[in-house]
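Student: Provided herewith: start_12.pdb, PDB, C-alpha atoms and all ligand atoms.
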```pdb
ATOM      1  CA  MET A 103       0.000   0.000   0.000  1.00  0.00           C
ATOM      2  CA  SER A 104       1.441   3.393  -0.879  1.00  0.00           C
ATOM      3  CA  ARG A 105       1.661   5.944   1.901  1.00  0.00           C
ATOM      4  CA  VAL A 106       0.309   9.431   1.289  1.00  0.00           C
ATOM      5  CA  SER A 107       2.858  12.007   2.370  1.00  0.00           C
ATOM      6  CA  THR A 108       1.585  14.678   4.744  1.00  0.00           C
ATOM      7  CA  ALA A 109       4.826  16.642   4.493  1.00  0.00           C
ATOM      8  CA  GLU A 110       4.468  20.413   4.572  1.00  0.00           C
ATOM      9  CA  ILE A 111       8.186  20.967   4.083  1.00  0.00           C
ATOM     10  CA  ARG A 112      10.673  18.655   2.384  1.00  0.00           C
ATOM     11  CA  THR A 113      14.440  18.594   2.693  1.00  0.00           C
ATOM     12  CA  PRO A 114      16.792  16.216   0.859  1.00  0.00           C
ATOM     13  CA  ARG A 115      16.282  13.523   3.519  1.00  0.00           C
ATOM     14  CA  LEU A 116      13.435  14.674   5.752  1.00  0.00           C
ATOM     15  CA  ASP A 117       9.710  15.359   5.607  1.00  0.00           C
ATOM     16  CA  LEU A 118       8.482  17.965   8.080  1.00  0.00           C
ATOM     17  CA  ARG A 119       4.887  18.068   9.304  1.00  0.00           C
ATOM     18  CA  ARG A 120       3.230  19.393  12.409  1.00  0.00           C
ATOM     19  CA  TRP A 121       2.807  17.079  15.384  1.00  0.00           C
ATOM     20  CA  THR A 122      -0.579  15.528  16.156  1.00  0.00           C
ATOM     21  CA  THR A 123      -1.661  13.936  19.406  1.00  0.00           C
ATOM     22  CA  ASP A 124      -2.331  10.519  17.912  1.00  0.00           C
ATOM     23  CA  ASP A 125      -0.638   7.640  19.713  1.00  0.00           C
ATOM     24  CA  ARG A 126       2.190   7.212  17.198  1.00  0.00           C
ATOM     25  CA  ASP A 127       3.145  10.864  17.377  1.00  0.00           C
ATOM     26  CA  VAL A 128       2.946  10.915  21.162  1.00  0.00           C
ATOM     27  CA  ALA A 129       5.275   7.887  21.344  1.00  0.00           C
ATOM     28  CA  ALA A 130       7.706   9.493  18.891  1.00  0.00           C
ATOM     29  CA  PHE A 131       7.583  12.837  20.674  1.00  0.00           C
ATOM     30  CA  PHE A 132       8.250  11.022  23.951  1.00  0.00           C
ATOM     31  CA  SER A 133      11.251   9.234  22.435  1.00  0.00           C
ATOM     32  CA  ILE A 134      12.778  12.706  21.998  1.00  0.00           C
ATOM     33  CA  TRP A 135      11.296  14.870  24.744  1.00  0.00           C
ATOM     34  CA  GLY A 136      11.235  12.014  27.275  1.00  0.00           C
ATOM     35  CA  ASP A 137      14.961  11.384  26.920  1.00  0.00           C
ATOM     36  CA  PRO A 138      17.094  13.278  29.479  1.00  0.00           C
ATOM     37  CA  ARG A 139      20.135  12.859  27.208  1.00  0.00           C
ATOM     38  CA  VAL A 140      18.324  15.081  24.686  1.00  0.00           C
ATOM     39  CA  ILE A 141      16.096  17.329  26.821  1.00  0.00           C
ATOM     40  CA  TRP A 142      18.465  17.757  29.728  1.00  0.00           C
ATOM     41  CA  TRP A 143      16.651  20.905  30.971  1.00  0.00           C
ATOM     42  CA  GLY A 144      13.330  19.166  31.770  1.00  0.00           C
ATOM     43  CA  HIS A 145      12.199  16.051  29.933  1.00  0.00           C
ATOM     44  CA  CYS A 146       8.649  14.636  29.851  1.00  0.00           C
ATOM     45  CA  ALA A 147       8.033  11.946  32.475  1.00  0.00           C
ATOM     46  CA  ASP A 148       5.629   9.780  30.452  1.00  0.00           C
ATOM     47  CA  HIS A 149       3.333   9.641  27.432  1.00  0.00           C
ATOM     48  CA  ASP A 150       0.636  11.700  29.154  1.00  0.00           C
ATOM     49  CA  ALA A 151       3.148  14.481  29.763  1.00  0.00           C
ATOM     50  CA  ALA A 152       4.284  14.244  26.134  1.00  0.00           C
ATOM     51  CA  ARG A 153       0.676  14.544  24.898  1.00  0.00           C
ATOM     52  CA  THR A 154       0.143  17.567  27.159  1.00  0.00           C
ATOM     53  CA  ALA A 155       3.355  19.105  25.844  1.00  0.00           C
ATOM     54  CA  ILE A 156       2.205  18.691  22.229  1.00  0.00           C
ATOM     55  CA  HIS A 157      -1.077  20.436  23.100  1.00  0.00           C
ATOM     56  CA  ARG A 158       0.810  23.207  24.891  1.00  0.00           C
ATOM     57  CA  VAL A 159       3.323  23.939  22.134  1.00  0.00           C
ATOM     58  CA  THR A 160       0.647  23.739  19.429  1.00  0.00           C
ATOM     59  CA  ALA A 161      -1.457  26.313  21.293  1.00  0.00           C
ATOM     60  CA  ARG A 162       1.605  28.517  21.763  1.00  0.00           C
ATOM     61  CA  CYS A 163       2.007  28.777  17.977  1.00  0.00           C
ATOM     62  CA  ALA A 164      -1.673  28.964  17.019  1.00  0.00           C
ATOM     63  CA  ASP A 165      -1.830  32.703  16.369  1.00  0.00           C
ATOM     64  CA  ASP A 166       0.585  32.684  13.440  1.00  0.00           C
ATOM     65  CA  PRO A 167       0.520  30.094  10.609  1.00  0.00           C
ATOM     66  CA  ALA A 168       4.260  30.609  10.073  1.00  0.00           C
ATOM     67  CA  LEU A 169       4.930  29.118  13.511  1.00  0.00           C
ATOM     68  CA  GLY A 170       4.715  25.561  14.756  1.00  0.00           C
ATOM     69  CA  TRP A 171       6.425  22.424  16.001  1.00  0.00           C
ATOM     70  CA  TRP A 172       7.269  19.956  13.245  1.00  0.00           C
ATOM     71  CA  ALA A 173       7.981  16.243  13.445  1.00  0.00           C
ATOM     72  CA  LEU A 174      11.014  15.311  11.328  1.00  0.00           C
ATOM     73  CA  THR A 175      10.444  12.086   9.422  1.00  0.00           C
ATOM     74  CA  GLU A 176      13.387  10.314   7.821  1.00  0.00           C
ATOM     75  CA  ARG A 177      12.009   9.697   4.327  1.00  0.00           C
ATOM     76  CA  ALA A 178      14.100   6.585   3.707  1.00  0.00           C
ATOM     77  CA  THR A 179      12.687   4.719   6.725  1.00  0.00           C
ATOM     78  CA  GLY A 180       9.520   6.563   7.767  1.00  0.00           C
ATOM     79  CA  ALA A 181      10.978   6.970  11.278  1.00  0.00           C
ATOM     80  CA  ILE A 182      10.330  10.158  13.217  1.00  0.00           C
ATOM     81  CA  VAL A 183      13.850  11.247  14.159  1.00  0.00           C
ATOM     82  CA  GLY A 184      13.432  14.686  15.671  1.00  0.00           C
ATOM     83  CA  ASN A 185      11.614  17.922  16.196  1.00  0.00           C
ATOM     84  CA  ALA A 186      12.123  21.451  14.976  1.00  0.00           C
ATOM     85  CA  CYS A 187      10.122  24.513  15.861  1.00  0.00           C
ATOM     86  CA  LEU A 188       9.422  28.160  15.216  1.00  0.00           C
ATOM     87  CA  GLN A 189       7.740  29.688  18.223  1.00  0.00           C
ATOM     88  CA  PRO A 190       7.446  32.876  20.253  1.00  0.00           C
ATOM     89  CA  ALA A 191      10.560  33.079  22.420  1.00  0.00           C
ATOM     90  CA  PRO A 192       9.741  33.213  26.148  1.00  0.00           C
ATOM     91  CA  ILE A 193      12.512  35.765  26.477  1.00  0.00           C
ATOM     92  CA  PRO A 194      13.135  38.281  24.976  1.00  0.00           C
ATOM     93  CA  ILE A 195       9.407  38.859  24.416  1.00  0.00           C
ATOM     94  CA  GLY A 196       8.576  39.623  20.786  1.00  0.00           C
ATOM     95  CA  GLU A 197      11.318  37.461  19.275  1.00  0.00           C
ATOM     96  CA  ILE A 198      10.653  34.283  17.264  1.00  0.00           C
ATOM     97  CA  GLU A 199      12.796  31.336  18.226  1.00  0.00           C
ATOM     98  CA  LEU A 200      14.027  28.575  15.941  1.00  0.00           C
ATOM     99  CA  GLY A 201      14.619  25.329  17.848  1.00  0.00           C
ATOM    100  CA  TRP A 202      15.946  21.835  17.073  1.00  0.00           C
ATOM    101  CA  HIS A 203      15.915  18.537  18.976  1.00  0.00           C
ATOM    102  CA  LEU A 204      17.087  15.198  17.578  1.00  0.00           C
ATOM    103  CA  ALA A 205      16.408  11.754  19.034  1.00  0.00           C
ATOM    104  CA  PHE A 206      19.630  10.533  20.603  1.00  0.00           C
ATOM    105  CA  ALA A 207      20.088   7.675  18.132  1.00  0.00           C
ATOM    106  CA  HIS A 208      19.754  10.034  15.179  1.00  0.00           C
ATOM    107  CA  GLN A 209      22.162  12.770  16.211  1.00  0.00           C
ATOM    108  CA  GLY A 210      25.368  13.426  14.312  1.00  0.00           C
ATOM    109  CA  GLN A 211      23.980  12.830  10.810  1.00  0.00           C
ATOM    110  CA  GLY A 212      23.357  16.435   9.839  1.00  0.00           C
ATOM    111  CA  TYR A 213      19.591  16.226  10.389  1.00  0.00           C
ATOM    112  CA  GLY A 214      19.569  19.087  12.896  1.00  0.00           C
ATOM    113  CA  THR A 215      21.211  21.404  10.381  1.00  0.00           C
ATOM    114  CA  GLU A 216      19.017  20.179   7.526  1.00  0.00           C
ATOM    115  CA  ALA A 217      15.772  20.756   9.437  1.00  0.00           C
ATOM    116  CA  ALA A 218      16.880  24.113  10.839  1.00  0.00           C
ATOM    117  CA  ARG A 219      17.829  25.415   7.385  1.00  0.00           C
ATOM    118  CA  ALA A 220      14.413  24.396   6.044  1.00  0.00           C
ATOM    119  CA  LEU A 221      12.529  26.097   8.882  1.00  0.00           C
ATOM    120  CA  LEU A 222      14.617  29.245   8.555  1.00  0.00           C
ATOM    121  CA  ALA A 223      13.694  29.413   4.855  1.00  0.00           C
ATOM    122  CA  HIS A 224      10.051  28.666   5.675  1.00  0.00           C
ATOM    123  CA  GLY A 225       9.973  31.349   8.376  1.00  0.00           C
ATOM    124  CA  PHE A 226      11.439  34.066   6.177  1.00  0.00           C
ATOM    125  CA  ALA A 227       9.278  33.057   3.188  1.00  0.00           C
ATOM    126  CA  SER A 228       6.261  33.330   5.508  1.00  0.00           C
ATOM    127  CA  GLY A 229       7.101  36.913   6.354  1.00  0.00           C
ATOM    128  CA  LEU A 230       9.076  36.634   9.591  1.00  0.00           C
ATOM    129  CA  ARG A 231      11.772  39.304   9.733  1.00  0.00           C
ATOM    130  CA  ARG A 232      14.140  38.008  12.391  1.00  0.00           C
ATOM    131  CA  LEU A 233      14.807  34.666  14.043  1.00  0.00           C
ATOM    132  CA  ILE A 234      16.775  33.826  17.151  1.00  0.00           C
ATOM    133  CA  ALA A 235      18.171  30.692  18.766  1.00  0.00           C
ATOM    134  CA  GLU A 236      19.124  30.496  22.425  1.00  0.00           C
ATOM    135  CA  VAL A 237      21.971  28.158  23.240  1.00  0.00           C
ATOM    136  CA  VAL A 238      23.900  27.365  26.408  1.00  0.00           C
ATOM    137  CA  PRO A 239      27.611  28.111  25.918  1.00  0.00           C
ATOM    138  CA  LEU A 240      28.840  24.480  25.861  1.00  0.00           C
ATOM    139  CA  ASN A 241      26.187  23.135  23.474  1.00  0.00           C
ATOM    140  CA  TRP A 242      28.682  22.853  20.619  1.00  0.00           C
ATOM    141  CA  PRO A 243      26.394  21.066  18.115  1.00  0.00           C
ATOM    142  CA  SER A 244      23.721  23.748  18.557  1.00  0.00           C
ATOM    143  CA  ILE A 245      26.252  26.541  18.282  1.00  0.00           C
ATOM    144  CA  ALA A 246      27.542  24.918  15.097  1.00  0.00           C
ATOM    145  CA  ILE A 247      24.012  24.825  13.662  1.00  0.00           C
ATOM    146  CA  ALA A 248      23.337  28.468  14.541  1.00  0.00           C
ATOM    147  CA  ARG A 249      26.592  29.534  12.915  1.00  0.00           C
ATOM    148  CA  LYS A 250      25.994  27.429   9.806  1.00  0.00           C
ATOM    149  CA  LEU A 251      22.619  29.159   9.416  1.00  0.00           C
ATOM    150  CA  GLY A 252      24.414  32.500   9.457  1.00  0.00           C
ATOM    151  CA  MET A 253      23.194  33.468  12.920  1.00  0.00           C
ATOM    152  CA  LYS A 254      25.375  35.769  15.027  1.00  0.00           C
ATOM    153  CA  PRO A 255      25.622  36.062  18.817  1.00  0.00           C
ATOM    154  CA  VAL A 256      23.890  39.246  19.940  1.00  0.00           C
ATOM    155  CA  ASP A 257      23.003  38.899  23.610  1.00  0.00           C
ATOM    156  CA  VAL A 258      22.970  36.687  26.692  1.00  0.00           C
ATOM    157  CA  VAL A 259      19.756  35.879  28.601  1.00  0.00           C
ATOM    158  CA  GLU A 260      18.924  33.703  31.586  1.00  0.00           C
ATOM    159  CA  ARG A 261      16.525  30.852  30.822  1.00  0.00           C
ATOM    160  CA  ASN A 262      15.730  27.710  32.813  1.00  0.00           C
ATOM    161  CA  GLY A 263      18.149  28.989  35.437  1.00  0.00           C
ATOM    162  CA  CYS A 264      21.205  29.268  33.190  1.00  0.00           C
ATOM    163  CA  GLY A 265      22.774  31.720  30.797  1.00  0.00           C
ATOM    164  CA  HIS A 266      21.978  31.301  27.100  1.00  0.00           C
ATOM    165  CA  VAL A 267      23.705  33.009  24.207  1.00  0.00           C
ATOM    166  CA  VAL A 268      21.138  34.578  21.879  1.00  0.00           C
ATOM    167  CA  PHE A 269      21.995  34.020  18.205  1.00  0.00           C
ATOM    168  CA  ALA A 270      20.040  36.088  15.661  1.00  0.00           C
ATOM    169  CA  ILE A 271      19.566  36.448  11.939  1.00  0.00           C
ATOM    170  CA  GLU A 272      17.509  38.982   9.985  1.00  0.00           C
ATOM    171  CA  ARG A 273      15.733  38.337   6.696  1.00  0.00           C
ATOM    172  CA  ALA A 274      17.926  39.608   3.886  1.00  0.00           C
ATOM    173  CA  ARG A 275      15.193  41.169   1.769  1.00  0.00           C
ATOM    174  CA  PRO A 276      11.433  41.661   1.844  1.00  0.00           C
ATOM    175  CA  VAL A 277       9.238  38.766   0.742  1.00  0.00           C
ATOM    176  CA  ALA A 278       7.913  39.516  -2.753  1.00  0.00           C
TER     177      ALA A 278
HETATM  178  C1  LIG A 301      21.693  20.112  18.801  1.00  0.00           C
HETATM  179  C2  LIG A 301      21.229  18.912  17.997  1.00  0.00           C
HETATM  180  C3  LIG A 301      19.807  19.150  17.496  1.00  0.00           C
HETATM  181  C4  LIG A 301      22.180  18.740  16.810  1.00  0.00           C
HETATM  182  O1  LIG A 301      21.560  17.831  15.910  1.00  0.00           O
HETATM  183  P1  LIG A 301      22.430  16.934  14.938  1.00  0.00           P
HETATM  184  O2  LIG A 301      21.540  16.431  13.879  1.00  0.00           O
HETATM  185  O3  LIG A 301      23.186  15.940  15.744  1.00  0.00           O
HETATM  186  O4  LIG A 301      23.421  18.040  14.376  1.00  0.00           O
HETATM  187  P2  LIG A 301      24.248  17.949  13.028  1.00  0.00           P
HETATM  188  O5  LIG A 301      24.575  16.527  12.717  1.00  0.00           O
HETATM  189  O6  LIG A 301      23.507  18.758  12.010  1.00  0.00           O
HETATM  190  O7  LIG A 301      25.615  18.636  13.444  1.00  0.00           O
HETATM  191  C5  LIG A 301      25.679  19.960  13.813  1.00  0.00           C
HETATM  192  C6  LIG A 301      27.121  20.358  13.915  1.00  0.00           C
HETATM  193  O8  LIG A 301      27.547  20.134  15.244  1.00  0.00           O
HETATM  194  C7  LIG A 301      28.870  19.648  15.190  1.00  0.00           C
HETATM  195  N1  LIG A 301      29.146  18.932  16.426  1.00  0.00           N
HETATM  196  C8  LIG A 301      28.562  17.820  16.864  1.00  0.00           C
HETATM  197  N2  LIG A 301      29.059  17.469  18.061  1.00  0.00           N
HETATM  198  C9  LIG A 301      30.010  18.411  18.369  1.00  0.00           C
HETATM  199  C10 LIG A 301      30.860  18.621  19.471  1.00  0.00           C
HETATM  200  N3  LIG A 301      30.858  17.811  20.528  1.00  0.00           N
HETATM  201  N4  LIG A 301      31.709  19.684  19.434  1.00  0.00           N
HETATM  202  C11 LIG A 301      31.710  20.535  18.395  1.00  0.00           C
HETATM  203  N5  LIG A 301      30.891  20.395  17.320  1.00  0.00           N
HETATM  204  C12 LIG A 301      30.049  19.335  17.312  1.00  0.00           C
HETATM  205  C13 LIG A 301      28.886  18.788  13.985  1.00  0.00           C
HETATM  206  O9  LIG A 301      30.196  18.532  13.560  1.00  0.00           O
HETATM  207  C14 LIG A 301      28.092  19.635  13.012  1.00  0.00           C
HETATM  208  O10 LIG A 301      28.902  20.619  12.429  1.00  0.00           O
HETATM  209  P3  LIG A 301      29.613  20.381  11.000  1.00  0.00           P
HETATM  210  O11 LIG A 301      28.527  20.048  10.029  1.00  0.00           O
HETATM  211  O12 LIG A 301      30.238  21.702  10.739  1.00  0.00           O
HETATM  212  O13 LIG A 301      30.548  19.264  11.169  1.00  0.00           O
HETATM  213  C15 LIG A 301      21.285  17.616  18.823  1.00  0.00           C
HETATM  214  O14 LIG A 301      22.582  17.463  19.332  1.00  0.00           O
HETATM  215  C16 LIG A 301      20.295  17.626  19.974  1.00  0.00           C
HETATM  216  O15 LIG A 301      19.147  17.276  19.788  1.00  0.00           O
HETATM  217  N6  LIG A 301      20.761  18.032  21.161  1.00  0.00           N
HETATM  218  C17 LIG A 301      19.917  18.040  22.355  1.00  0.00           C
HETATM  219  C18 LIG A 301      18.828  19.072  22.252  1.00  0.00           C
HETATM  220  C19 LIG A 301      19.393  20.463  22.153  1.00  0.00           C
HETATM  221  O16 LIG A 301      20.384  20.786  22.770  1.00  0.00           O
HETATM  222  N7  LIG A 301      18.680  21.289  21.373  1.00  0.00           N
HETATM  223  C20 LIG A 301      19.049  22.658  21.167  1.00  0.00           C
HETATM  224  C21 LIG A 301      18.723  23.510  22.326  1.00  0.00           C
HETATM  225  S1  LIG A 301      19.367  25.138  22.033  1.00  0.00           S
END
```
Have the structure of the file written as structure tokens, please.
Tutor:
Amino acid sequence: MSRVSTAEIRTPRLDLRRWTTDDRDVAAFFSIWGDPRVIWWGHCADHDAARTAIHRVTARCADDPALGWWALTERATGAIVGNACLQPAPIPIGEIELGWHLAFAHQGQGYGTEAARALLAHGFASGLRRLIAEVVPLNWPSIAIARKLGMKPVDVVERNGCGHVVFAIERARPVA
């Protein structure tokens, strides 16, 4: 049986679509956000917490169709390997944050960079003017992604009880 793709955004290796709260998505979300090796600042305790988190982040992005949390599906296998998001930053208020989170087993294959590049392009094509990423100073893979996207360090903020470097990038030209 052929599978109908629900991808909203495609990269060379990944299909991106927004999370649902069906059981498969909740299990996949939990495999990322329930893993303290990935979400070291406060992982989900169980599937119920993961489902609640999906509801929460979906609601957070509901006011702007450019924003959202996207499941990253590896096209070759159909496996959900990560998450990427565009959402209102909790701090500084008014900024839009680009985020990336890869399941532990799928890190180190360039998927974080690939998904982040696609969401940056989607965000700017949707009219966003400026994107930020907030990264703790020793998170070398995240810093590498921010730099590869062309983001520059502009500030330091405290979040989840620790200092984060704010990386930022502005849209180069108006959307036609
Ligand atoms: C950050 C994260 C998404 C990176 O995803 P990934 O798919 O493994 O990243 P990539 O494979 O695209 O690699 C990103 C870069 O980090 C580099 N990198 C990886 N580990 C590194 C390390 N220990 N030191 C320095 N650079 C490192 C890679 O070499 C790559 O750069 P390159 O292409 O120039 O070689 C992943 O590590 C993760 O989910 N971490 C936990 C969640 C997290 O911290 N999210 C971000 C919060 S700000």
Student: Exactly which residues make up the result of the PyMOL selection byres (((chain A and resi 207-221) around 9) and not hetatm) on this file, given as number ranges by chain?
Tutor: A: 111-118, 174, 176, 183-188, 200-206, 222-226, 243-244, 246-248, 250-251
Student: So, counting only C-alpha atoms, which residue among A:Glu260, A:Glu272, A:Glu236, A:Glu110 is closest to Trp172 of chain A?
Tutor: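 Among the listed residues, A:Glu110 lies closest to Trp172 of chain A.
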Student: Quick one: pull the distance between atom CA of Trp135 of chain A and atom CA of Ala152 of chain A, Å, one decimal.
Tutor: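 Going from atom CA of Trp135 of chain A over to atom CA of Ala152 of chain A covers 7.2 Å.
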Student: Of the candidates A:Asp166, A:Ala155, A:Gly252, A:Arg119, which one gets nearest to Gly136 of chain A if we count all atoms listed in the file?
Tutor: A:Ala155
Student: Go through A:Thr160, A:Asn241, A:Thr179, A:Ser133 one by one, measure the shortest atom-to-atom distance of each to ligand LIG 301 (chain A) using all atoms listed in the file, and give the residue with the smallest value.
Tutor: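 Of all the options, A:Asn241 lies closest to ligand LIG 301 (chain A).
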Student: From the list A:Ile245, A:Ala129, A:Cys264, A:Val259, which residue is nearest ligand LIG 301 (chain A) when using only C-alpha atoms and all ligand atoms?
Tutor: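 Of A:Ile245, A:Ala129, A:Cys264, A:Val259, the one nearest ligand LIG 301 (chain A) is A:Ile245, counting only C-alpha atoms and all ligand atoms.
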Student: Go ahead and compute the interatomic distance for atom CA of Ala181 of chain A and atom O3 of ligand LIG 301 (chain A), in Å to one decimal.
Tutor: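 About the pair atom CA of Ala181 of chain A and atom O3 of ligand LIG 301 (chain A): they are 15.8 Å apart.
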Student: What is the distance, in Å and to one decimal place, between atom CA of Trp242 of chain A and atom C8 of ligand LIG 301 (chain A)?
Tutor: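 Separation of atom CA of Trp242 of chain A and atom C8 of ligand LIG 301 (chain A): 6.3 Å.
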Student: So, counting all atoms listed in the file, which residue among A:Val140, A:Ala191, A:Ile198, A:Leu169 is closest to ligand LIG 301 (chain A)?
Tutor: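 Using all atoms listed in the file, the shortest distance to ligand LIG 301 (chain A) belongs to A:Val140.
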Student: Segment 134-153 of chain A, all listed atoms, 8 Å padding on each side: what axis-aligned box centre and edge lengths in Å to one decimal come out, as AutoDock Vina command-line options?
Tutor:
```
--center_x 10.4 --center_y 15.3 --center_z 27.2 --size_x 35.5 --size_y 27.3 --size_z 26.5
```
Student: Counting all atoms listed in the file, which of A:Arg273, A:Arg177, A:Arg232, A:Arg139 gets nearest to ligand LIG 301 (chain A)?
Tutor: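 So, comparing all the options, the nearest one is A:Arg139.
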Student: On this file, the PyMOL selection byres (((chain A and resi 128) around 10) and not hetatm) gives some set of residues; write that set as a ChimeraX atom specification.
Tutor: /A:121-127,129-133,135,148-156
Student: Using the chain letters and numbers from the file, give me the residues hit by the PyMOL selection byres (((chain A and resi 267) around 8) and not hetatm), as a ChimeraX atom specification.
Tutor: /A:236-239,255-259,265-266,268-269
Student: Would you mind listing what lies within 6 Å of Leu233 of chain A as a list in words, with all atoms listed in the file counted and same-chain residues fewer than 3 positions away left out?
Tutor: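 The filter keeps Ile198, Glu199, Ala270 and Ile271 of chain A.
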